[in-house]
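A.B. asks: Got upload_14.cif for you, mmCIF, C-alpha atoms:
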data_protein
#
loop_
_atom_site.label_atom_id
_atom_site.label_comp_id
_atom_site.auth_asym_id
_atom_site.auth_seq_id
_atom_site.Cartn_x
_atom_site.Cartn_y
_atom_site.Cartn_z
CA MET N 75 -4.49 -21.67 -25.97
CA SER N 76 -8.04 -20.86 -24.88
CA ILE N 77 -9.00 -20.98 -21.20
CA ASP N 78 -12.42 -21.44 -19.65
CA VAL N 79 -12.92 -20.99 -15.91
CA VAL N 80 -16.25 -22.43 -14.79
CA ASN N 81 -17.84 -21.76 -11.37
CA VAL N 82 -14.48 -21.63 -9.59
CA SER N 83 -14.29 -20.84 -5.88
CA LYS N 84 -11.34 -20.73 -3.48
CA ALA N 85 -11.27 -19.90 0.23
CA PHE N 86 -8.42 -19.48 2.68
CA GLY N 87 -9.85 -20.13 6.12
CA GLY N 88 -12.90 -17.93 6.41
CA PHE N 89 -11.81 -15.65 3.56
CA ARG N 90 -13.39 -16.34 0.18
CA ALA N 91 -10.73 -15.16 -2.30
CA VAL N 92 -12.55 -16.34 -5.45
CA ASP N 93 -16.32 -16.71 -5.34
CA ASP N 94 -18.07 -18.75 -8.06
CA VAL N 95 -16.18 -17.17 -10.95
CA SER N 96 -16.80 -18.07 -14.60
CA VAL N 97 -14.80 -16.38 -17.36
CA SER N 98 -13.18 -17.21 -20.71
CA PHE N 99 -9.87 -16.11 -22.21
CA GLY N 100 -9.59 -16.31 -25.98
CA ARG N 101 -6.64 -17.85 -27.77
CA GLY N 102 -3.83 -15.36 -28.44
CA ARG N 103 -5.45 -12.51 -26.51
CA LEU N 104 -3.75 -10.17 -24.05
CA THR N 105 -5.98 -9.98 -20.98
CA ALA N 106 -5.61 -7.86 -17.85
CA LEU N 107 -6.89 -9.16 -14.52
CA LEU N 108 -7.53 -5.78 -12.94
CA GLY N 109 -8.80 -4.87 -9.52
CA PRO N 110 -8.02 -3.53 -6.06
CA SER N 111 -5.49 -5.23 -3.80
CA GLY N 112 -7.00 -8.28 -2.11
CA GLY N 113 -9.78 -8.52 -4.69
CA GLY N 114 -8.90 -12.05 -5.83
CA LYS N 115 -7.15 -11.47 -9.15
CA SER N 116 -3.82 -13.09 -8.15
CA THR N 117 -5.58 -16.12 -6.67
CA LEU N 118 -7.59 -16.53 -9.88
CA LEU N 119 -4.37 -16.35 -11.91
CA ARG N 120 -2.70 -18.97 -9.69
CA ILE N 121 -5.66 -21.29 -10.17
CA ILE N 122 -5.44 -20.86 -13.95
CA ALA N 123 -1.70 -21.53 -13.78
CA GLY N 124 -2.09 -24.68 -11.70
CA LEU N 125 -0.29 -23.22 -8.66
CA GLU N 126 -3.50 -23.45 -6.61
CA GLU N 127 -6.36 -25.94 -6.82
CA PRO N 128 -9.90 -24.55 -6.55
CA ASP N 129 -12.22 -25.73 -3.81
CA SER N 130 -14.90 -26.13 -6.48
CA GLY N 131 -15.35 -25.51 -10.19
CA ARG N 132 -13.28 -26.46 -13.23
CA VAL N 133 -10.53 -25.01 -15.42
CA TYR N 134 -10.48 -26.03 -19.10
CA VAL N 135 -7.55 -25.45 -21.46
CA ASP N 136 -8.40 -25.85 -25.14
CA GLY N 137 -11.48 -27.76 -24.03
CA GLN N 138 -9.57 -30.19 -21.80
CA ASP N 139 -10.22 -30.37 -18.05
CA MET N 140 -6.93 -29.25 -16.45
CA THR N 141 -8.29 -28.50 -12.97
CA HIS N 142 -5.95 -30.91 -11.17
CA VAL N 143 -3.05 -30.88 -13.66
CA PRO N 144 0.12 -29.33 -12.14
CA ALA N 145 1.61 -26.12 -13.52
CA ARG N 146 4.63 -27.87 -15.09
CA ARG N 147 2.30 -29.76 -17.45
CA ARG N 148 0.25 -26.73 -18.56
CA GLY N 149 2.84 -25.05 -20.79
CA VAL N 150 2.94 -21.90 -18.65
CA GLY N 151 5.59 -19.16 -18.59
CA PHE N 152 5.74 -16.91 -15.51
CA VAL N 153 7.02 -13.36 -15.00
CA PHE N 154 6.72 -11.84 -11.54
CA GLN N 155 7.18 -8.30 -10.21
CA HIS N 156 10.49 -9.32 -8.67
CA TYR N 157 12.63 -10.91 -11.30
CA ALA N 158 13.97 -13.90 -9.32
CA ALA N 159 17.08 -13.96 -11.51
CA PHE N 160 20.00 -16.23 -10.65
CA PRO N 161 22.62 -13.64 -9.60
CA HIS N 162 25.61 -15.93 -10.29
CA MET N 163 24.48 -16.59 -13.89
CA THR N 164 24.95 -14.36 -16.91
CA VAL N 165 21.99 -13.00 -18.84
CA ARG N 166 22.54 -15.73 -21.43
CA ASP N 167 22.51 -18.49 -18.82
CA ASN N 168 19.47 -17.04 -17.04
CA VAL N 169 17.49 -16.95 -20.28
CA GLY N 170 18.54 -20.49 -21.23
CA PHE N 171 17.98 -22.03 -17.79
CA GLY N 172 14.59 -23.57 -18.61
CA LEU N 173 15.93 -25.06 -21.82
CA ARG N 174 18.82 -26.64 -19.95
CA VAL N 175 16.43 -28.16 -17.39
CA ALA N 176 14.39 -29.51 -20.30
CA ARG N 177 17.62 -31.13 -21.64
CA VAL N 178 17.54 -29.22 -24.92
CA ASP N 179 20.83 -29.81 -26.74
CA ARG N 180 23.53 -27.14 -26.54
CA THR N 181 23.33 -26.02 -30.19
CA THR N 182 19.55 -25.64 -30.20
CA ARG N 183 19.69 -23.93 -26.82
CA ALA N 184 22.26 -21.38 -27.98
CA ARG N 185 20.25 -20.59 -31.11
CA ARG N 186 17.02 -20.14 -29.14
CA VAL N 187 18.68 -17.89 -26.55
CA ASP N 188 20.20 -15.71 -29.28
CA GLU N 189 16.76 -15.36 -30.89
CA LEU N 190 15.23 -14.33 -27.58
CA LEU N 191 17.95 -11.85 -26.69
CA ASP N 192 17.38 -10.24 -30.07
CA LEU N 193 13.62 -10.23 -29.49
CA VAL N 194 13.93 -8.42 -26.14
CA HIS N 195 16.74 -6.10 -27.30
CA LEU N 196 19.45 -7.48 -25.01
CA GLN N 197 21.80 -8.73 -27.74
CA GLY N 198 24.83 -6.85 -26.45
CA LEU N 199 24.31 -7.72 -22.78
CA ALA N 200 24.39 -11.52 -22.93
CA GLU N 201 27.54 -11.89 -20.81
CA ARG N 202 26.54 -9.43 -18.11
CA TYR N 203 25.18 -10.46 -14.72
CA PRO N 204 21.73 -9.38 -13.42
CA ALA N 205 23.29 -6.87 -10.98
CA GLU N 206 24.84 -5.07 -13.96
CA LEU N 207 21.45 -4.45 -15.63
CA SER N 208 18.87 -1.71 -15.10
CA GLY N 209 15.43 -2.61 -13.76
CA GLY N 210 13.90 -2.48 -17.22
CA GLN N 211 16.64 -4.70 -18.66
CA ARG N 212 16.19 -7.26 -15.87
CA GLN N 213 12.47 -7.37 -16.56
CA ARG N 214 13.11 -7.95 -20.26
CA MET N 215 15.50 -10.75 -19.30
CA ALA N 216 12.76 -12.28 -17.14
CA LEU N 217 10.35 -12.17 -20.09
CA ALA N 218 12.92 -13.80 -22.37
CA ARG N 219 13.47 -16.57 -19.81
CA ALA N 220 9.71 -17.18 -19.60
CA LEU N 221 9.42 -17.29 -23.40
CA ALA N 222 12.40 -19.66 -23.83
CA VAL N 223 10.30 -22.78 -23.25
CA GLU N 224 7.74 -21.55 -25.83
CA PRO N 225 4.81 -21.42 -23.40
CA ARG N 226 1.27 -21.61 -24.68
CA LEU N 227 0.24 -19.39 -21.78
CA LEU N 228 2.26 -16.43 -20.49
CA LEU N 229 1.33 -15.16 -17.02
CA LEU N 230 2.62 -11.87 -15.62
CA VAL N 231 2.05 -10.70 -12.06
CA GLU N 232 2.45 -6.93 -11.59
CA PRO N 233 5.29 -7.15 -14.14
CA PHE N 234 6.27 -3.47 -14.00
CA GLY N 235 5.32 -2.63 -10.43
CA ALA N 236 8.92 -2.33 -9.21
CA LEU N 237 9.97 0.08 -11.97
CA ASP N 238 9.86 3.86 -12.11
CA VAL N 239 7.13 5.64 -14.08
CA LYS N 240 9.19 6.40 -17.20
CA VAL N 241 10.59 2.86 -17.55
CA ARG N 242 7.15 1.40 -16.86
CA ALA N 243 5.62 3.40 -19.71
CA GLU N 244 8.39 2.32 -22.10
CA LEU N 245 8.03 -1.35 -21.17
CA ARG N 246 4.25 -1.27 -21.58
CA ALA N 247 4.63 -0.21 -25.20
CA TRP N 248 7.37 -2.79 -25.69
CA LEU N 249 5.30 -5.63 -24.18
CA ARG N 250 2.33 -4.80 -26.42
CA HIS N 251 4.62 -5.06 -29.45
CA LEU N 252 6.21 -8.25 -28.12
CA HIS N 253 2.83 -9.92 -27.60
CA GLU N 254 2.00 -9.37 -31.24
CA GLN N 255 5.15 -11.28 -32.24
CA VAL N 256 4.78 -14.19 -29.82
CA ASN N 257 2.20 -16.93 -30.31
CA ALA N 258 0.98 -17.11 -26.71
CA THR N 259 -2.16 -16.29 -24.76
CA THR N 260 -1.11 -13.69 -22.20
CA LEU N 261 -2.73 -12.83 -18.85
CA PHE N 262 -1.35 -10.17 -16.55
CA VAL N 263 -2.37 -9.11 -13.06
CA THR N 264 -2.35 -5.40 -12.29
CA HIS N 265 -4.04 -2.83 -10.10
CA ASP N 266 -2.87 -0.06 -12.46
CA GLN N 267 -5.86 1.11 -14.50
CA GLU N 268 -3.73 2.97 -17.06
CA GLU N 269 -1.59 -0.12 -17.62
CA ALA N 270 -4.66 -2.29 -18.23
CA MET N 271 -6.30 0.26 -20.53
CA GLU N 272 -3.15 0.71 -22.61
CA LEU N 273 -2.06 -2.93 -22.92
CA ALA N 274 -5.05 -5.22 -22.86
CA ASP N 275 -7.36 -6.54 -25.55
CA GLN N 276 -9.70 -7.60 -22.75
CA ILE N 277 -10.06 -6.52 -19.13
CA VAL N 278 -11.48 -8.74 -16.39
CA LEU N 279 -12.29 -6.48 -13.45
CA VAL N 280 -12.20 -8.47 -10.20
CA ASN N 281 -13.44 -7.23 -6.84
CA GLU N 282 -14.12 -9.07 -3.56
CA GLY N 283 -13.66 -12.42 -5.27
CA ARG N 284 -16.18 -11.78 -8.02
CA ILE N 285 -16.05 -10.45 -11.55
CA GLU N 286 -17.63 -7.03 -11.93
CA GLN N 287 -17.32 -6.84 -15.73
CA VAL N 288 -15.47 -8.37 -18.68
CA GLY N 289 -14.89 -6.51 -21.94
CA THR N 290 -12.59 -4.36 -24.00
CA PRO N 291 -11.06 -1.29 -22.33
CA GLU N 292 -13.55 0.82 -24.29
CA ASP N 293 -16.48 -1.31 -23.06
CA LEU N 294 -15.57 -0.86 -19.42
CA TYR N 295 -14.80 2.85 -19.70
CA ASP N 296 -17.72 3.89 -21.92
CA ARG N 297 -20.31 1.33 -20.82
CA PRO N 298 -19.51 0.41 -17.20
CA ALA N 299 -21.75 -2.28 -15.72
CA ASN N 300 -22.06 -0.46 -12.39
CA GLU N 301 -20.72 2.46 -10.40
CA PHE N 302 -17.79 0.45 -9.02
CA VAL N 303 -16.52 -0.24 -12.55
CA MET N 304 -17.04 3.38 -13.53
CA ALA N 305 -15.16 4.74 -10.51
CA PHE N 306 -12.32 2.21 -10.75
CA LEU N 307 -11.58 3.05 -14.37
CA GLY N 308 -11.54 6.82 -14.18
CA ALA N 309 -12.48 9.90 -12.22
CA THR N 310 -16.16 10.38 -11.34
CA THR N 311 -18.23 13.08 -9.72
CA ARG N 312 -21.93 13.41 -8.93
CA LEU N 313 -24.50 15.63 -10.62
CA GLY N 314 -28.24 15.35 -10.22
CA GLY N 315 -27.92 12.24 -8.06
CA VAL N 316 -25.90 10.24 -10.60
CA ALA N 317 -22.23 9.47 -11.08
CA VAL N 318 -20.75 11.03 -14.19
CA ARG N 319 -17.23 11.64 -15.46
CA PRO N 320 -15.97 15.22 -14.87
CA HIS N 321 -15.15 15.70 -18.56
CA ASP N 322 -18.71 14.70 -19.50
CA ILE N 323 -20.23 17.82 -17.88
CA GLU N 324 -20.97 20.95 -19.88
CA VAL N 325 -20.63 24.39 -18.27
CA PHE N 326 -22.88 27.33 -19.16
CA THR N 327 -22.78 30.86 -17.83
CA ASP N 328 -26.53 31.35 -18.47
CA PRO N 329 -29.50 29.14 -17.48
CA VAL N 330 -30.04 26.19 -19.83
CA ASP N 331 -32.65 23.42 -20.11
CA GLY N 332 -31.66 20.50 -17.86
CA GLY N 333 -28.91 22.54 -16.20
CA THR N 334 -28.12 22.50 -12.50
CA GLN N 335 -27.06 25.74 -10.84
CA ALA N 336 -23.68 25.71 -9.10
CA MET N 337 -21.25 28.19 -7.58
CA ILE N 338 -17.57 27.95 -8.49
CA GLU N 339 -15.32 27.49 -5.47
CA ARG N 340 -12.00 26.96 -7.25
CA VAL N 341 -10.46 26.89 -10.72
CA VAL N 342 -7.26 24.84 -11.01
CA GLY N 343 -5.02 24.84 -14.09
CA LEU N 344 -3.64 21.39 -14.92
CA GLY N 345 -1.62 21.93 -18.07
CA PHE N 346 -3.92 21.25 -21.02
CA HIS N 347 -6.93 20.92 -18.70
CA SER N 348 -8.60 22.99 -16.01
CA ARG N 349 -10.46 21.52 -13.05
CA ILE N 350 -13.53 23.38 -11.81
CA GLU N 351 -14.64 22.69 -8.24
CA ALA N 352 -18.18 23.88 -7.56
CA ALA N 353 -20.90 23.68 -4.90
CA LEU N 354 -24.48 22.62 -5.69
CA PRO N 355 -27.60 24.08 -4.00
CA ASP N 356 -27.98 20.96 -1.83
CA GLY N 357 -24.51 21.53 -0.35
CA SER N 358 -22.77 18.76 -2.27
CA ASP N 359 -19.66 19.31 -4.37
CA VAL N 360 -19.09 18.60 -8.06
CA THR N 361 -15.90 18.52 -10.12
CA VAL N 362 -15.80 19.46 -13.80
CA GLN N 363 -12.91 19.07 -16.23
CA LEU N 364 -12.60 21.41 -19.22
CA THR N 365 -9.87 22.19 -21.67
CA ARG N 366 -7.87 25.13 -20.40
CA ALA N 367 -8.80 27.12 -23.52
CA HIS N 368 -12.53 26.54 -22.89
CA ALA N 369 -12.21 27.59 -19.25
CA HIS N 370 -10.45 30.79 -20.31
CA GLU N 371 -13.11 31.42 -22.95
CA LEU N 372 -15.83 31.19 -20.30
CA GLU N 373 -13.78 33.50 -18.02
CA LEU N 374 -14.63 31.41 -14.98
CA ARG N 375 -13.80 32.87 -11.57
CA THR N 376 -14.28 31.85 -7.95
CA GLY N 377 -17.76 32.87 -6.80
CA ASP N 378 -19.33 32.79 -10.31
CA ILE N 379 -22.72 31.14 -10.76
CA VAL N 380 -22.76 28.59 -13.60
CA TYR N 381 -25.14 25.93 -14.91
CA LEU N 382 -23.96 22.34 -15.31
CA ARG N 383 -25.43 19.64 -17.52
CA ALA N 384 -24.25 16.10 -18.23
CA ILE N 385 -23.51 15.49 -21.92
CA ALA N 386 -26.25 13.39 -23.52
CA GLY N 387 -25.21 9.75 -23.79
CA ALA N 388 -22.34 10.03 -21.29
CA ALA N 389 -21.86 6.97 -19.09
CA SER N 390 -23.51 7.52 -15.72
CA HIS N 391 -25.00 5.48 -12.88
CA ALA N 392 -27.62 6.27 -10.30
CA GLY N 393 -26.29 6.18 -6.76
#
Rewrite the structure of this file - the entire thing - as structure tokens.
C.D. replies:
Amino acid sequence: MSIDVVNVSKAFGGFRAVDDVSVSFGRGRLTALLGPSGGGKSTLLRIIAGLEEPDSGRVYVDGQDMTHVPARRRGVGFVFQHYAAFPHMTVRDNVGFGLRVARVDRTTRARRVDELLDLVHLQGLAERYPAELSGGQRQRMALARALAVEPRLLLLVEPFGALDVKVRAELRAWLRHLHEQVNATTLFVTHDQEEAMELADQIVLVNEGRIEQVGTPEDLYDRPANEFVMAFLGATTRLGGVAVRPHDIEVFTDPVDGGTQAMIERVVGLGFHSRIEAALPDGSDVTVQLTRAHAHELELRTGDIVYLRAIAGAASHAG
């Protein structure tokens, strides 16, 4: 399913949650709606899903105007941060609930549930209850339940936000693999930059109700449209009046063409990397990231004078 959002706006009282947004989502793509809390990404997703109606603008699905069509008629599967499982039902019954509501016959339902439990690696847990599962297993159950009705559009809202870091990383890799096996267009809401960069084919960065930039993770990281995009998708520092990524700054111990003099205030070892904190002549601070081996090679110490230069071609924005 392809989705086209055209000049959509939505306000709640005096607060404009979505402000004249136009964006397209290609068929079969995995798209992250990324942005800070309160930026409008969840409201935009709810409008696409049919859970909210826009105040103005249109939503097209496969070229058809679906602006006022309710969610139940859009072929949408939902997965939320909190699993909303039925605690009195087994995993099997939770996964098959939507099929039972749709009056799918018992034999077909059982076959479809078995296929899904295999797909999400819960084959041996079908007769357990949600309280007997780990957080990651419950989230996989929620995904299986959403996929049971064979949605054309799969929507996930902060799907891994309630899980610990290790489980979250494992499920991200699993979801990417799952998406490649399932014939559905997938949109997920997140404020986690790493999650969006790792999972998505396309990122839609939303802020204050507007879209800052749309593109691949590489587009947004390497060619940010503005300083907000650059700062939201990675660390930045300032050198020569422009924002630049700390790892895109070269360090020299002797004067160099285009270099800016700085005095090292601190050298911090961070495993493979070292962070250099330095002061510029105008009193401002700059942060540089080097490999630990390179920092040792330069023999950098607190109080040393060095010369800093942004790598040619590195993404930067005037402030």
A.B. asks: With only C-alpha atoms as the basis for distance, which of N:Ala305, N:Val380, N:Leu173, N:Val342 is at the shortest distance from N:Gln363?
C.D. replies: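 Once distances to N:Gln363 are computed over only C-alpha atoms, the minimum belongs to N:Val342.
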A.B. asks: What do you get, as a VMD selection string, if you spell out every residue that the PyMOL selection byres ((chain N and resi 383) around 12) selects here?
C.D. replies: chain N and resid 312 to 314 316 318 to 336 360 362 380 to 382 384 to 388
A.B. asks: Step by step, work through what the PyMOL selection byres ((chain N and resi 347) around 10) selects in the shown file, and finish by giving those residues as a ChimeraX atom specification.
C.D. replies: /N:321,342-346,348-350,363-369
A.B. asks: With all atoms listed in the file as the basis for distance, which of N:Met215, N:Leu279, N:Val97, N:Val169 is at the shortest distance from N:Gly114?
C.D. replies: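 When distances to N:Gly114 are compared using all atoms listed in the file, the smallest one comes from N:Leu279.
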A.B. asks: Which residues, named as in the file, does the PyMOL selection byres ((chain N and resi 125-141) around 12) pick out? Answer as a PyMOL selection string.
C.D. replies: chain N and resi 75-87+90-102+116-124+142-150+152+226-227+229+259
A.B. asks: Restricting the calculation to all atoms listed in the file: of N:Val194, N:Met304, N:Leu273, N:Leu199, which residue gets closest to N:Thr290?
C.D. replies: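 Distance minimum relative to N:Thr290 lands on N:Leu273.
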A.B. asks: Nearest to N:Val178: which of N:Ala222, N:Gly289, N:Glu232, N:Arg202 is it, counting only C-alpha atoms?
C.D. replies: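 Nearest to N:Val178: N:Ala222.
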A.B. asks: Could you give me, as an MDAnalysis selection string, the residues within 8 Å of stretch 242-255 of chain N, counting all atoms listed in the file and dropping anything in the same chain fewer than 2 positions from it?
C.D. replies: chainID N and resid 104 193:194 210 234:235 237:240 257:258 260 269 272:273
A.B. asks: What is the atom CA of N:Gln213-atom CA of N:Thr164 distance in Å, reported with one decimal?
C.D. replies: 14.3 Å
A.B. asks: Starting from the structure just given, write a file holding stretch 205-289 of chain N with C-alpha atoms, as a short mmCIF file (atom, residue, chain, number, x, y, z; two decimals), in the first residue's frame.
C.D. replies:
data_model
loop_
_atom_site.label_atom_id
_atom_site.label_comp_id
_atom_site.auth_asym_id
_atom_site.auth_seq_id
_atom_site.Cartn_x
_atom_site.Cartn_y
_atom_site.Cartn_z
CA ALA N 205 2.24 -12.89 32.31
CA GLU N 206 4.47 -15.92 31.73
CA LEU N 207 6.37 -14.24 28.86
CA SER N 208 9.34 -11.86 28.89
CA GLY N 209 8.90 -8.32 27.58
CA GLY N 210 10.48 -9.21 24.26
CA GLN N 211 8.25 -12.27 23.87
CA ARG N 212 5.12 -10.22 24.63
CA GLN N 213 6.12 -7.69 22.00
CA ARG N 214 6.61 -10.45 19.44
CA MET N 215 3.17 -11.78 20.36
CA ALA N 216 1.73 -8.29 19.79
CA LEU N 217 3.34 -8.18 16.35
CA ALA N 218 1.95 -11.61 15.48
CA ARG N 219 -1.54 -10.50 16.56
CA ALA N 220 -1.27 -7.38 14.36
CA LEU N 221 -0.10 -9.47 11.39
CA ALA N 222 -2.85 -12.10 11.80
CA VAL N 223 -5.40 -10.09 9.82
CA GLU N 224 -2.85 -9.62 6.99
CA PRO N 225 -2.80 -5.82 7.17
CA ARG N 226 -1.72 -3.79 4.18
CA LEU N 227 -0.36 -1.20 6.61
CA LEU N 228 1.47 -2.00 9.85
CA LEU N 229 1.76 0.85 12.35
CA LEU N 230 4.03 0.68 15.40
CA VAL N 231 4.11 3.31 18.14
CA GLU N 232 7.33 3.29 20.19
CA PRO N 233 7.26 -0.51 19.83
CA PHE N 234 10.37 -1.20 21.94
CA GLY N 235 10.24 1.73 24.35
CA ALA N 236 9.27 -0.39 27.37
CA LEU N 237 12.10 -2.89 26.90
CA ASP N 238 15.65 -2.87 28.23
CA VAL N 239 18.56 -1.90 25.98
CA LYS N 240 19.74 -5.42 25.15
CA VAL N 241 16.28 -6.76 24.28
CA ARG N 242 15.53 -3.62 22.28
CA ALA N 243 18.64 -4.13 20.14
CA GLU N 244 17.74 -7.78 19.52
CA LEU N 245 14.16 -6.95 18.54
CA ARG N 246 15.26 -4.19 16.17
CA ALA N 247 17.30 -6.69 14.16
CA TRP N 248 14.43 -9.17 14.31
CA LEU N 249 11.84 -6.62 13.13
CA ARG N 250 14.02 -5.62 10.17
CA HIS N 251 14.19 -9.28 9.14
CA LEU N 252 10.46 -9.75 9.73
CA HIS N 253 9.57 -6.75 7.56
CA GLU N 254 11.42 -8.31 4.66
CA GLN N 255 9.23 -11.42 4.94
CA VAL N 256 5.88 -9.67 5.34
CA ASN N 257 4.13 -7.93 2.46
CA ALA N 258 3.12 -4.77 4.33
CA THR N 259 4.00 -1.09 4.32
CA THR N 260 5.33 -0.36 7.80
CA LEU N 261 5.44 2.96 9.67
CA PHE N 262 6.83 3.28 13.17
CA VAL N 263 6.94 6.21 15.57
CA THR N 264 10.10 6.68 17.60
CA HIS N 265 12.17 9.36 19.28
CA ASP N 266 15.18 7.01 19.30
CA GLN N 267 17.62 8.14 16.61
CA GLU N 268 19.62 4.91 16.67
CA GLU N 269 16.46 2.86 16.24
CA ALA N 270 15.38 4.91 13.21
CA MET N 271 18.84 4.83 11.63
CA GLU N 272 19.17 1.06 12.06
CA LEU N 273 15.67 0.00 11.00
CA ALA N 274 14.25 2.41 8.46
CA ASP N 275 14.44 2.59 4.68
CA GLN N 276 13.14 6.15 5.00
CA ILE N 277 13.08 8.64 7.86
CA VAL N 278 10.50 11.42 8.19
CA LEU N 279 11.84 13.87 10.77
CA VAL N 280 8.97 15.76 12.40
CA ASN N 281 9.34 18.79 14.64
CA GLU N 282 6.77 21.31 15.92
CA GLY N 283 4.12 19.90 13.61
CA ARG N 284 6.18 20.24 10.45
CA ILE N 285 8.49 17.98 8.48
CA GLU N 286 12.12 19.03 8.67
CA GLN N 287 13.43 16.47 6.16
CA VAL N 288 12.52 13.20 4.43
CA GLY N 289 15.12 10.76 3.12
#
